[in-house]
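Read through the structure below, which is laid out as structure tokens, and then see the notes.
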Amino acid sequence: MNAAKRWKSLLAGAAVLGAVIYGCHGTTTGWETITTTFLRNDKPYGGGAFRIRNDEVISLKLADPQISFKPASELRHPQVAEPTEAWMNDTAELLNRRTVSFWRGSLGKGLTRTLQHRGQSLAWWYSRDWRAVYISTGWTDYKALRPANGLVPQVTKLWRSGDGGQTWIELPWPDNRNIGRLLFLDPQRGYAIGWGPHVSRTADGGQSWQEIKQPPRAADAAKPRKTFSAVNLSADGVLRVAYYVDQLGDFKASSLVYRIAWNQTEFEQDVVLPDQLVVDLQSSPQTAQRYSLYALSRLGALRDIDDVSDNGRRTGALSTWESVPHPSVKQVHTFDKRLMLDGLSVGKDGVLLVYATDASGDGAPRDLTFLSKNFGKSWEELYDGFAQGGYFDPETNTQYALFAYTLKKRQF
């Protein structure tokens, strides 16, 4: 399921911003504490991409290797800490020794690790009952010589569990084919999406894969590791992908959204978003035939990295359309250009969450959450302090956050 952006991982406290500027008012909504000892004894510490169901917990963690230091009696310089082994002082070696691990357990008894593999990137999907879990890892050798094109090879692995993560099998997958997202309709049917951008489909639980033809203008020969700006798999099994094009008719910058149903073999155009760069793409969780799509975007052209006067800030926009043939797009809200838009969550009954960062001041960047309970007609600004992780469950409109060892939730 959609992680992360699904809820922004880090939230920091923020000073109140003017309601006139944002068309919102600031508020702090109440959190309910679930536990104050969440994963306290699990090493390395950190919630990872955790999920909660009653007392049960699953988590996918990306962790650095454990570092140890020499005792004071062995130090060459008493005021300078020294690692016990030389590789612990080597940045490339530290990156090479990063691991991806899957954990399962309970809030009361703690978690047990059932899978661990080297990797600096990951993706996962889990079924509603948590029995089926897919995990991919990507590992790059940071000590290898960089080729002329700068594209150091990445080794990708793919695993599947059918018993809730107790046992795992490695699935056939090309080592050189990156996976950035895993999206499934059910434990047998799903998509793996990665650089290219490539879309592969399986109907037999990952035993075999069929590559889907890229939508028009999605690929760029000069950028073999290009990715989609955003992807979404809706409740009816329609996959949508969004990507940016430099020129479309009279518009210098546009984002195209293409869709493909499970029974289709090629993408077809859904909507065009002129003068926009999509940040996130989400669908409402309804299972009815008709539902809403939402795109969070930055207005204007893609940032020119060679133009030092371009700070990359853009006015943000939230647009919506219906899952019907030839839909019309409605822009329901804009966000001040001081905000860098990070992600979007869509819940039931009109609940929308937008995650943004305000780095326009002199102090530390401020991470903000904007809440709408009426399909984007009005917005509240939420201040929650600093959290080390969390996610949003669209089925129950419940948001979870981890503050050190304290796990909290709130329901909208």
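Every chain in the structure tokens takes a letter, A first, then B, and so on in the order presented; its residues are numbered from 1, and the ligands are numbered from 1 following the presented order.
Summary of the local environment: counting only C-alpha atoms, residues at most 10 Å from His326 (chain A), other than itself and those fewer than 5 positions away along its chain, are Gln269, Asp270, Val271 and Trp321 of chain A.
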Find the residues around region 340-348 of chain A up to 8 Å (only C-alpha atoms counted), leave out those fewer than 2 positions away in its own chain, and share them as an MDAnalysis selection string. chainID A and resid 5:8 279:286 296:298 313:314 316 337:338 350:359 392:397
Store the residues of this selection in a file with C-alpha atoms, as a short mmCIF file (atom, residue, chain, number, x, y, z; two decimals), in the first residue's frame.
data_model
loop_
_atom_site.label_atom_id
_atom_site.label_comp_id
_atom_site.auth_asym_id
_atom_site.auth_seq_id
_atom_site.Cartn_x
_atom_site.Cartn_y
_atom_site.Cartn_z
CA LYS A 5 3.12 9.93 1.39
CA ARG A 6 0.71 8.45 2.56
CA TRP A 7 1.82 10.37 5.56
CA LYS A 8 4.87 12.51 5.83
CA VAL A 279 3.89 16.00 -6.61
CA ASP A 280 1.37 13.34 -5.58
CA LEU A 281 -1.62 11.54 -7.07
CA GLN A 282 -4.29 9.88 -4.93
CA SER A 283 -7.76 8.38 -5.32
CA SER A 284 -10.57 8.32 -2.77
CA PRO A 285 -10.86 4.90 -1.09
CA GLN A 286 -14.46 4.25 -2.16
CA LEU A 296 -1.18 17.83 -5.67
CA SER A 297 1.00 20.00 -7.92
CA ARG A 298 3.46 22.84 -8.11
CA ARG A 313 9.44 27.56 -5.02
CA ARG A 314 6.09 27.48 -6.73
CA GLY A 316 0.91 24.85 -4.98
CA LYS A 337 4.51 29.65 -2.78
CA ARG A 338 6.50 29.77 0.46
CA GLY A 350 -14.08 14.28 2.24
CA VAL A 351 -11.01 14.08 4.48
CA LEU A 352 -7.84 15.39 2.77
CA LEU A 353 -4.36 15.88 4.25
CA VAL A 354 -1.62 17.89 2.54
CA TYR A 355 1.94 17.82 3.88
CA ALA A 356 4.23 20.79 3.25
CA THR A 357 7.48 22.40 4.39
CA ASP A 358 8.01 26.09 5.00
CA ALA A 359 11.71 26.90 4.64
CA PHE A 392 -2.45 7.71 7.46
CA ASP A 393 -5.00 4.90 7.16
CA PRO A 394 -7.58 6.01 4.54
CA GLU A 395 -10.02 3.22 5.42
CA THR A 396 -10.55 4.56 8.95
CA ASN A 397 -9.37 8.19 8.54
#
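Residues in contact with Leu171 (chain A) at 8 Å, where only C-alpha atoms are counted and same-chain residues fewer than 6 positions away are skipped, are listed as Lys157, Leu158, Trp159, Arg160, Gly206 and Gln207 of chain A.
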Taking only C-alpha atoms into account, name the residue in A:Glu32, A:Phe184, A:Gly300, A:Arg104 that is nearest to Gly48 (chain A).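 The closest residue to Gly48 (chain A) is A:Arg104.
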Identify, with DSSP run on backbone atoms, the residues in region 67-177 of chain A assigned to strand (DSSP E), and express the list as a VMD selection string. chain A and resid 99 to 106 110 to 118 121 to 126 133 to 140 154 to 161 169 to 170
Would you pick out the contacts of Asn178 (chain A) at 8 Å or less, using only C-alpha atoms, so that residues sharing its chain but fewer than 5 positions from it are not included, and give the list as a PyMOL selection string? chain A and resi 138+154-156+193-195
Could you turn the residues from that selection into a file that holds N, CA, C and O atoms, as a PDB file, in the first residue's frame?
ATOM      1  N   GLY A 138      16.900  -2.325  -3.187  1.00  0.00           N
ATOM      2  CA  GLY A 138      17.879  -1.862  -4.169  1.00  0.00           C
ATOM      3  C   GLY A 138      19.202  -1.584  -3.492  1.00  0.00           C
ATOM      4  O   GLY A 138      19.236  -0.872  -2.474  1.00  0.00           O
ATOM      5  N   GLN A 154      22.639  -0.767  -9.966  1.00  0.00           N
ATOM      6  CA  GLN A 154      21.919  -1.101  -8.749  1.00  0.00           C
ATOM      7  C   GLN A 154      21.425  -2.532  -8.845  1.00  0.00           C
ATOM      8  O   GLN A 154      20.910  -2.946  -9.889  1.00  0.00           O
ATOM      9  N   VAL A 155      21.571  -3.286  -7.766  1.00  0.00           N
ATOM     10  CA  VAL A 155      21.118  -4.671  -7.721  1.00  0.00           C
ATOM     11  C   VAL A 155      19.765  -4.710  -7.018  1.00  0.00           C
ATOM     12  O   VAL A 155      19.654  -4.291  -5.855  1.00  0.00           O
ATOM     13  N   THR A 156      18.748  -5.177  -7.709  1.00  0.00           N
ATOM     14  CA  THR A 156      17.393  -5.216  -7.169  1.00  0.00           C
ATOM     15  C   THR A 156      16.988  -6.649  -6.861  1.00  0.00           C
ATOM     16  O   THR A 156      17.223  -7.551  -7.664  1.00  0.00           O
ATOM     17  N   ILE A 193       6.920  -0.837 -10.460  1.00  0.00           N
ATOM     18  CA  ILE A 193       7.176   0.377 -11.233  1.00  0.00           C
ATOM     19  C   ILE A 193       8.545   0.915 -10.856  1.00  0.00           C
ATOM     20  O   ILE A 193       8.881   1.009  -9.670  1.00  0.00           O
ATOM     21  N   GLY A 194       9.354   1.263 -11.859  1.00  0.00           N
ATOM     22  CA  GLY A 194      10.700   1.740 -11.563  1.00  0.00           C
ATOM     23  C   GLY A 194      11.269   2.624 -12.643  1.00  0.00           C
ATOM     24  O   GLY A 194      10.547   3.187 -13.475  1.00  0.00           O
ATOM     25  N   TRP A 195      12.610   2.757 -12.622  1.00  0.00           N
ATOM     26  CA  TRP A 195      13.304   3.638 -13.557  1.00  0.00           C
ATOM     27  C   TRP A 195      12.940   3.320 -14.995  1.00  0.00           C
ATOM     28  O   TRP A 195      12.721   2.169 -15.373  1.00  0.00           O
TER      29      TRP A 195
END
What is the distance, in Å and to one decimal place, between CA of Thr36 (chain A) and CA of Tyr405 (chain A)? 5.4 Å
With only C-alpha atoms as the atoms that count, which of A:Ala387, A:Ile135, A:Val57, A:Leu122 lies nearest to Gly105 (chain A)?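 Closest to Gly105 (chain A), using only C-alpha atoms: A:Val57.
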Using only C-alpha atoms, which protein or nucleic acid residues come within 8 Å of Gly110 (chain A)? Drop anything in the same chain fewer than 6 positions from it, and give the result as a PyMOL selection string. chain A and resi 39+41-42
Can you tell me which residues surround Gly237 (chain A) at a distance of at most 10 Å, considering only C-alpha atoms, apart from same-chain residues fewer than 5 positions away, and format the answer as a list in words? Leu183, Phe184, Leu185, Asp186, Arg189, Gly190, Asn232, Ile260, Ala261, Trp262, Asn263 and Thr287 of chain A
Once you have the residues from the selection above, write them out as an mmCIF file, in the first residue's frame, restricted to all heavy atoms.
data_model
loop_
_atom_site.group_PDB
_atom_site.id
_atom_site.type_symbol
_atom_site.label_atom_id
_atom_site.label_comp_id
_atom_site.auth_asym_id
_atom_site.auth_seq_id
_atom_site.Cartn_x
_atom_site.Cartn_y
_atom_site.Cartn_z
ATOM 1 N N LEU A 183 2.520 -1.993 -6.302
ATOM 2 C CA LEU A 183 1.093 -1.718 -6.152
ATOM 3 C C LEU A 183 0.314 -2.941 -6.619
ATOM 4 O O LEU A 183 0.479 -3.384 -7.761
ATOM 5 C CB LEU A 183 0.685 -0.489 -6.971
ATOM 6 C CG LEU A 183 1.358 0.839 -6.606
ATOM 7 C CD1 LEU A 183 1.015 1.902 -7.637
ATOM 8 C CD2 LEU A 183 0.933 1.298 -5.217
ATOM 9 N N PHE A 184 -0.554 -3.486 -5.754
ATOM 10 C CA PHE A 184 -1.274 -4.710 -6.068
ATOM 11 C C PHE A 184 -2.775 -4.538 -5.864
ATOM 12 O O PHE A 184 -3.222 -3.815 -4.963
ATOM 13 C CB PHE A 184 -0.777 -5.859 -5.186
ATOM 14 C CG PHE A 184 0.501 -6.499 -5.681
ATOM 15 C CD1 PHE A 184 1.705 -5.825 -5.591
ATOM 16 C CD2 PHE A 184 0.484 -7.755 -6.257
ATOM 17 C CE1 PHE A 184 2.887 -6.399 -6.048
ATOM 18 C CE2 PHE A 184 1.651 -8.340 -6.730
ATOM 19 C CZ PHE A 184 2.851 -7.662 -6.621
ATOM 20 N N LEU A 185 -3.540 -5.250 -6.722
ATOM 21 C CA LEU A 185 -4.987 -5.324 -6.556
ATOM 22 C C LEU A 185 -5.343 -6.354 -5.498
ATOM 23 O O LEU A 185 -6.295 -6.185 -4.735
ATOM 24 C CB LEU A 185 -5.677 -5.709 -7.868
ATOM 25 C CG LEU A 185 -5.739 -4.709 -9.009
ATOM 26 C CD1 LEU A 185 -4.395 -4.498 -9.665
ATOM 27 C CD2 LEU A 185 -6.762 -5.164 -10.039
ATOM 28 N N ASP A 186 -4.598 -7.448 -5.484
ATOM 29 C CA ASP A 186 -4.784 -8.550 -4.547
ATOM 30 C C ASP A 186 -3.465 -9.308 -4.489
ATOM 31 O O ASP A 186 -2.508 -8.936 -5.181
ATOM 32 C CB ASP A 186 -5.952 -9.448 -4.991
ATOM 33 C CG ASP A 186 -5.813 -9.969 -6.409
ATOM 34 O OD1 ASP A 186 -4.740 -10.529 -6.744
ATOM 35 O OD2 ASP A 186 -6.759 -9.824 -7.195
ATOM 36 N N ARG A 189 -2.287 -10.284 -8.244
ATOM 37 C CA ARG A 189 -2.252 -9.338 -9.363
ATOM 38 C C ARG A 189 -1.701 -7.986 -8.922
ATOM 39 O O ARG A 189 -2.224 -7.390 -7.976
ATOM 40 C CB ARG A 189 -3.647 -9.159 -9.945
ATOM 41 C CG ARG A 189 -4.305 -10.438 -10.445
ATOM 42 C CD ARG A 189 -5.697 -10.153 -10.965
ATOM 43 N NE ARG A 189 -6.551 -9.609 -9.908
ATOM 44 C CZ ARG A 189 -7.673 -8.910 -10.135
ATOM 45 N NH1 ARG A 189 -8.047 -8.637 -11.375
ATOM 46 N NH2 ARG A 189 -8.405 -8.486 -9.113
ATOM 47 N N GLY A 190 -0.657 -7.535 -9.628
ATOM 48 C CA GLY A 190 -0.108 -6.248 -9.251
ATOM 49 C C GLY A 190 0.928 -5.722 -10.221
ATOM 50 O O GLY A 190 1.191 -6.307 -11.276
ATOM 51 N N ASN A 232 -0.695 5.959 -8.870
ATOM 52 C CA ASN A 232 -1.779 5.594 -7.974
ATOM 53 C C ASN A 232 -2.527 4.395 -8.533
ATOM 54 O O ASN A 232 -2.768 4.311 -9.740
ATOM 55 C CB ASN A 232 -2.758 6.763 -7.793
ATOM 56 C CG ASN A 232 -3.983 6.378 -6.985
ATOM 57 O OD1 ASN A 232 -5.056 6.153 -7.537
ATOM 58 N ND2 ASN A 232 -3.828 6.290 -5.680
ATOM 59 N N ILE A 260 -4.530 2.867 -16.947
ATOM 60 C CA ILE A 260 -4.675 1.556 -17.555
ATOM 61 C C ILE A 260 -5.459 0.673 -16.593
ATOM 62 O O ILE A 260 -5.123 0.580 -15.410
ATOM 63 C CB ILE A 260 -3.301 0.930 -17.906
ATOM 64 C CG1 ILE A 260 -3.482 -0.391 -18.653
ATOM 65 C CG2 ILE A 260 -2.434 0.747 -16.675
ATOM 66 C CD1 ILE A 260 -2.178 -0.952 -19.228
ATOM 67 N N ALA A 261 -6.532 0.066 -17.076
ATOM 68 C CA ALA A 261 -7.306 -0.887 -16.282
ATOM 69 C C ALA A 261 -6.650 -2.259 -16.382
ATOM 70 O O ALA A 261 -5.840 -2.519 -17.286
ATOM 71 C CB ALA A 261 -8.753 -0.932 -16.766
ATOM 72 N N TRP A 262 -7.028 -3.174 -15.486
ATOM 73 C CA TRP A 262 -6.377 -4.480 -15.469
ATOM 74 C C TRP A 262 -6.603 -5.247 -16.769
ATOM 75 O O TRP A 262 -5.727 -5.991 -17.214
ATOM 76 C CB TRP A 262 -6.862 -5.304 -14.278
ATOM 77 C CG TRP A 262 -6.162 -6.613 -14.189
ATOM 78 C CD1 TRP A 262 -6.610 -7.838 -14.582
ATOM 79 C CD2 TRP A 262 -4.824 -6.818 -13.734
ATOM 80 N NE1 TRP A 262 -5.657 -8.799 -14.385
ATOM 81 C CE2 TRP A 262 -4.547 -8.200 -13.853
ATOM 82 C CE3 TRP A 262 -3.837 -5.982 -13.206
ATOM 83 C CZ2 TRP A 262 -3.320 -8.747 -13.471
ATOM 84 C CZ3 TRP A 262 -2.634 -6.532 -12.837
ATOM 85 C CH2 TRP A 262 -2.380 -7.901 -12.970
ATOM 86 N N ASN A 263 -7.744 -5.067 -17.390
ATOM 87 C CA ASN A 263 -8.027 -5.808 -18.620
ATOM 88 C C ASN A 263 -7.520 -5.112 -19.871
ATOM 89 O O ASN A 263 -7.772 -5.555 -20.986
ATOM 90 C CB ASN A 263 -9.531 -6.055 -18.747
ATOM 91 C CG ASN A 263 -10.346 -4.764 -18.784
ATOM 92 O OD1 ASN A 263 -9.787 -3.669 -18.703
ATOM 93 N ND2 ASN A 263 -11.653 -4.878 -18.898
ATOM 94 N N THR A 287 -15.076 2.075 -3.007
ATOM 95 C CA THR A 287 -15.044 0.946 -3.938
ATOM 96 C C THR A 287 -16.177 1.031 -4.957
ATOM 97 O O THR A 287 -16.319 0.138 -5.788
ATOM 98 C CB THR A 287 -15.161 -0.378 -3.170
ATOM 99 O OG1 THR A 287 -16.345 -0.361 -2.350
ATOM 100 C CG2 THR A 287 -13.944 -0.589 -2.284
#
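Proximity of A:Ser292, A:Ser234, A:Gln247, A:Ser200 to Gln276 (chain A), computed with only C-alpha atoms, is greatest for A:Gln247.
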Give one line per residue of region 114-213 of chain A that approaches region 59-80 of chain A to at most 10 Å, naming the two atoms of the closest pair and their distance in Å to one decimal, counting only C-alpha atoms; sort by chain then ascending residue number and deliver it as a tab-separated table.
residue	atom	partner	partner_atom	distance
A:Leu115	CA	A:Leu60	CA	9.5
A:Gln116	CA	A:Lys61	CA	9.3
A:His117	CA	A:Leu62	CA	9.8
A:Arg118	CA	A:Leu62	CA	9.3
A:Gly119	CA	A:Leu62	CA	7.8
A:Gln120	CA	A:Leu62	CA	7.1
A:Ser121	CA	A:Leu62	CA	7.5
A:Leu122	CA	A:Leu62	CA	7.7
A:Ala123	CA	A:Leu60	CA	8.9
A:Trp124	CA	A:Leu60	CA	8.0
A:Ile135	CA	A:Leu60	CA	8.7
A:Thr137	CA	A:Leu62	CA	9.8
